[in-house]
file work07.cif (mmCIF, C-alpha atoms)
data_protein
#
loop_
_atom_site.label_atom_id
_atom_site.label_comp_id
_atom_site.auth_asym_id
_atom_site.auth_seq_id
_atom_site.Cartn_x
_atom_site.Cartn_y
_atom_site.Cartn_z
CA THR A 1 168.83 88.30 75.51
CA PRO A 2 165.93 88.22 73.06
CA LEU A 3 164.20 90.91 75.15
CA GLU A 4 167.26 93.12 74.78
CA CYS A 5 167.02 92.60 71.01
CA LYS A 6 163.43 93.80 71.18
CA ALA A 7 164.55 96.85 73.18
CA LEU A 8 167.21 97.62 70.53
CA VAL A 9 164.64 97.44 67.74
CA ASP A 10 162.31 99.73 69.71
CA PHE A 11 165.22 102.13 70.33
CA ALA A 12 166.12 102.18 66.62
CA ASN A 13 162.50 102.69 65.58
CA HIS A 14 161.97 105.63 67.93
CA ARG A 15 165.11 107.33 66.59
CA ASN A 16 164.60 106.37 62.94
CA LEU A 17 167.89 104.42 62.89
CA LYS A 18 168.70 101.71 60.36
CA PHE A 19 170.33 98.54 61.62
CA THR A 20 172.00 95.37 60.39
CA LEU A 21 171.97 92.05 62.25
CA ARG A 22 175.22 90.20 62.76
CA GLY A 23 176.10 86.87 64.33
CA LYS A 24 179.67 85.76 63.63
CA GLY A 25 179.98 87.88 60.48
CA LEU A 26 180.79 84.93 58.20
CA SER A 27 178.73 85.90 55.15
CA GLN A 28 180.27 85.31 51.74
CA GLY A 29 178.89 88.44 50.13
CA GLY A 30 179.32 90.97 52.92
CA GLN A 31 175.67 91.01 53.98
CA THR A 32 176.73 91.44 57.62
CA LEU A 33 178.66 94.62 56.86
CA ALA A 34 176.68 97.69 57.83
CA PRO A 35 176.44 100.49 55.27
CA SER A 36 177.33 103.99 56.38
CA GLY A 37 174.83 105.39 58.88
CA THR A 38 173.67 101.94 59.97
CA VAL A 39 173.95 100.43 63.44
CA THR A 40 175.10 96.81 63.73
CA ILE A 41 173.28 94.64 66.26
CA ASP A 42 175.62 91.89 67.47
CA CYS A 43 173.56 88.74 68.03
CA SER A 44 176.50 86.45 68.84
CA GLU A 45 175.89 86.62 72.59
CA ILE A 46 172.37 85.21 72.41
CA ASN A 47 173.71 81.68 72.05
CA ASP A 48 172.06 79.33 74.55
CA VAL A 49 171.23 75.77 73.48
CA GLU A 50 168.64 73.96 75.58
CA THR A 51 168.65 70.26 76.41
CA PRO A 52 166.94 68.35 73.57
CA ASP A 53 163.37 67.15 74.01
CA HIS A 54 163.43 63.40 73.30
CA LYS A 55 159.65 63.15 73.08
CA THR A 56 159.34 65.65 70.22
CA GLN A 57 162.90 65.13 68.94
CA THR A 58 163.54 68.87 68.90
CA VAL A 59 165.98 71.34 70.41
CA THR A 60 165.49 75.04 71.04
CA CYS A 61 168.48 77.28 70.59
CA GLN A 62 169.09 80.98 70.38
CA ALA A 63 170.04 82.58 67.09
CA GLY A 64 173.67 83.27 67.99
CA ALA A 65 174.43 79.63 68.83
CA THR A 66 176.81 77.97 66.40
CA TRP A 67 175.86 74.73 64.72
CA ARG A 68 178.89 73.19 66.44
CA SER A 69 177.41 74.04 69.85
CA VAL A 70 174.01 72.66 68.81
CA VAL A 71 175.55 69.37 67.65
CA THR A 72 177.71 69.16 70.78
CA MET A 73 174.62 69.49 72.99
CA THR A 74 172.31 67.24 71.01
CA SER A 75 174.81 64.48 70.22
CA ALA A 76 175.41 64.00 73.95
CA HIS A 77 171.75 62.90 73.99
CA GLY A 78 171.95 60.64 70.94
CA LEU A 79 170.35 63.16 68.57
CA VAL A 80 171.55 65.55 65.86
CA PRO A 81 169.80 68.15 63.68
CA GLN A 82 168.12 66.77 60.56
CA ILE A 83 170.46 68.96 58.49
CA THR A 84 173.74 70.48 59.62
CA PRO A 85 175.45 73.09 57.43
CA PHE A 86 178.84 72.24 56.00
CA PHE A 87 180.61 74.91 58.09
CA PRO A 88 179.79 74.32 61.79
CA GLU A 89 180.87 77.78 63.00
CA LEU A 90 177.92 79.48 61.31
CA THR A 91 175.18 80.68 63.64
CA VAL A 92 171.70 79.20 63.71
CA GLY A 93 170.07 82.59 63.02
CA GLY A 94 172.44 83.33 60.16
CA VAL A 95 171.81 80.03 58.42
CA LEU A 96 168.05 80.24 58.93
CA SER A 97 167.98 83.72 57.46
CA ILE A 98 169.48 82.44 54.20
CA GLY A 99 168.32 78.81 53.89
CA GLY A 100 171.25 76.50 54.48
CA ILE A 101 172.21 73.20 52.96
CA GLY A 102 174.15 70.31 54.40
CA GLY A 103 175.51 66.88 53.60
CA ASN A 104 172.11 65.18 53.62
CA SER A 105 170.03 67.94 52.07
CA HIS A 106 169.41 65.61 49.13
CA LEU A 107 167.36 63.51 51.58
CA GLN A 108 165.97 66.04 54.08
CA GLY A 109 165.82 69.36 52.19
CA THR A 110 167.29 72.63 53.41
CA VAL A 111 167.96 73.51 57.03
CA ASN A 112 164.86 75.73 56.88
CA SER A 113 162.67 72.74 56.00
CA ASN A 114 163.50 71.29 59.40
CA VAL A 115 162.46 74.13 61.72
CA ARG A 116 159.49 73.61 64.01
CA GLU A 117 159.17 77.10 65.48
CA LEU A 118 160.81 80.53 65.61
CA GLU A 119 160.83 83.43 68.01
CA VAL A 120 161.07 86.64 66.02
CA VAL A 121 161.29 90.34 66.82
CA THR A 122 159.53 92.13 63.99
CA GLY A 123 160.53 95.48 62.54
CA ARG A 124 157.78 97.06 64.63
CA GLY A 125 159.37 95.62 67.77
CA ASP A 126 156.76 92.91 68.36
CA PHE A 127 158.08 89.69 69.93
CA ILE A 128 156.23 86.83 68.21
CA ARG A 129 156.46 83.04 68.36
CA CYS A 130 155.62 81.59 64.97
CA SER A 131 155.45 78.24 63.16
CA SER A 132 153.86 76.74 60.07
CA THR A 133 150.50 76.82 61.91
CA GLN A 134 150.87 79.88 64.18
CA GLU A 135 151.62 83.14 62.35
CA PRO A 136 152.65 81.15 59.24
CA ASP A 137 153.28 84.23 57.07
CA LEU A 138 155.87 85.58 59.53
CA PHE A 139 157.39 82.10 59.91
CA GLU A 140 157.81 81.60 56.17
CA SER A 141 159.06 85.12 55.49
CA SER A 142 161.58 84.99 58.35
CA LEU A 143 163.13 81.78 57.04
CA SER A 144 165.44 82.84 54.18
CA GLY A 145 164.25 86.41 54.71
CA LEU A 146 167.76 87.86 55.21
CA GLY A 147 166.56 89.47 58.44
CA ARG A 148 164.33 91.83 56.46
CA CYS A 149 161.05 90.56 57.93
CA GLY A 150 162.21 90.09 61.49
CA MET A 151 165.09 89.27 63.78
CA ILE A 152 165.19 85.56 64.56
CA THR A 153 166.08 85.30 68.25
CA SER A 154 165.39 81.60 68.81
CA ALA A 155 164.59 78.49 66.79
CA THR A 156 163.27 75.04 67.57
CA LEU A 157 164.89 72.52 65.24
CA TYR A 158 163.88 68.98 64.40
CA LEU A 159 166.37 66.30 65.41
CA ARG A 160 167.02 62.70 64.44
CA PRO A 161 168.72 59.85 66.26
CA PHE A 162 172.14 58.84 65.01
CA LYS A 163 174.23 55.75 65.34
CA PRO A 164 177.27 56.09 67.60
CA LYS A 165 179.53 54.53 64.98
CA VAL A 166 179.37 55.14 61.25
CA LYS A 167 181.33 53.31 58.60
CA THR A 168 181.78 55.07 55.28
CA PHE A 169 183.14 53.71 52.01
#

call {"tool": "encode", "arguments": {"input": "work07.cif", "output": "structure tokens"}}
result
Amino acid sequence: TPLECKALVDFANHRNLKFTLRGKGLSQGGQTLAPSGTVTIDCSEINDVETPDHKTQTVTCQAGATWRSVVTMTSAHGLVPQITPFFPELTVGGVLSIGGIGGNSHLQGTVNSNVRELEVVTGRGDFIRCSSTQEPDLFESSLSGLGRCGMITSATLYLRPFKPKVKTF
């Protein structure tokens, strides 16, 4: 759970341990591989996806949720994320920590441009909810921050309606 993540950060801080965050471990450059003397925190089990909110057209999901699980949940309600990465097995937290592009990024921007709110555990062990208006510095530095500014435990993503049938040429 996100509170367990906070407890792990507190534990590491009190013992002067270094740690690396890992979801599914699908990085291209080995960023999820822990250097010698570093503890790996496995975030893949914090993977809940809530029912979408039709009023705000958002969904809240934990960082270890895959984009496939987010789309599966939201599409059952006639909504999908504004941007979905090309590889659906990536985790939400992993993509948000690096930026993320998808098939319609040319219209909607990066995945990070379509995040309403984050829950983050900072390096000091503080559990903070942030957005572009609430704790904006933490919000902006956590998105594409490679996990250096905080551990993203949950994100609220903007959604859009989609048509049940699409014809492509």

call {"tool": "resolve_selection", "arguments": {"input": "work07.cif", "expression": "the PyMOL selection byres ((chain A and resi 4) around 12)", "output": "count of residues only"}}
result
20

call {"tool": "residues_around", "arguments": {"input": "work07.cif", "residues": "A:His54", "least_positions_apart": "5", "cutoff": "9 Å", "atoms": "only C-alpha atoms", "output": "mmCIF file with C-alpha atoms, in the frame of the given file"}}
result
data_model
loop_
_atom_site.group_PDB
_atom_site.id
_atom_site.type_symbol
_atom_site.label_atom_id
_atom_site.label_comp_id
_atom_site.auth_asym_id
_atom_site.auth_seq_id
_atom_site.Cartn_x
_atom_site.Cartn_y
_atom_site.Cartn_z
ATOM 1 C CA VAL A 59 165.980 71.340 70.410
ATOM 2 C CA HIS A 77 171.750 62.900 73.990
ATOM 3 C CA LEU A 79 170.350 63.160 68.570
ATOM 4 C CA LEU A 159 166.370 66.300 65.410
#

call {"tool": "atom_distance", "arguments": {"input": "work07.cif", "atom1": "atom CA of A:Ile98", "atom2": "atom CA of A:Thr110"}}
result
10.1 Å

call {"tool": "resolve_selection", "arguments": {"input": "work07.cif", "expression": "the PyMOL selection byres ((chain A and resi 137-149) around 10)", "output": "PyMOL selection string"}}
result
chain A and resi 20-22+31-32+93-100+111-113+115-124+128-136+150-152

call {"tool": "atom_distance", "arguments": {"input": "work07.cif", "atom1": "atom CA of A:Thr40", "atom2": "atom CA of A:Thr60"}}
result
24.9 Å

call {"tool": "residues_around", "arguments": {"input": "work07.cif", "residues": "A:Gly102", "least_positions_apart": "4", "cutoff": "9 Å", "atoms": "only C-alpha atoms", "output": "JSON, numbers by chain"}}
result
{"A": [83, 84, 85, 86, 87, 106, 109, 110, 111]}

call {"tool": "atom_distance", "arguments": {"input": "work07.cif", "atom1": "atom CA of A:Lys55", "atom2": "atom CA of A:Lys163"}}
result
18.1 Å

call {"tool": "closest_residue", "arguments": {"input": "work07.cif", "among": "A:Asn16, A:Asp126, A:Gln57, A:Ile101", "to": "A:Ser75", "atoms": "only C-alpha atoms"}}
result
A:Gln57

call {"tool": "resolve_selection", "arguments": {"input": "work07.cif", "expression": "the PyMOL selection byres ((chain A and resi 62) around 6)", "output": "ChimeraX atom specification"}}
result
/A:46-48,61,63-65,153-154
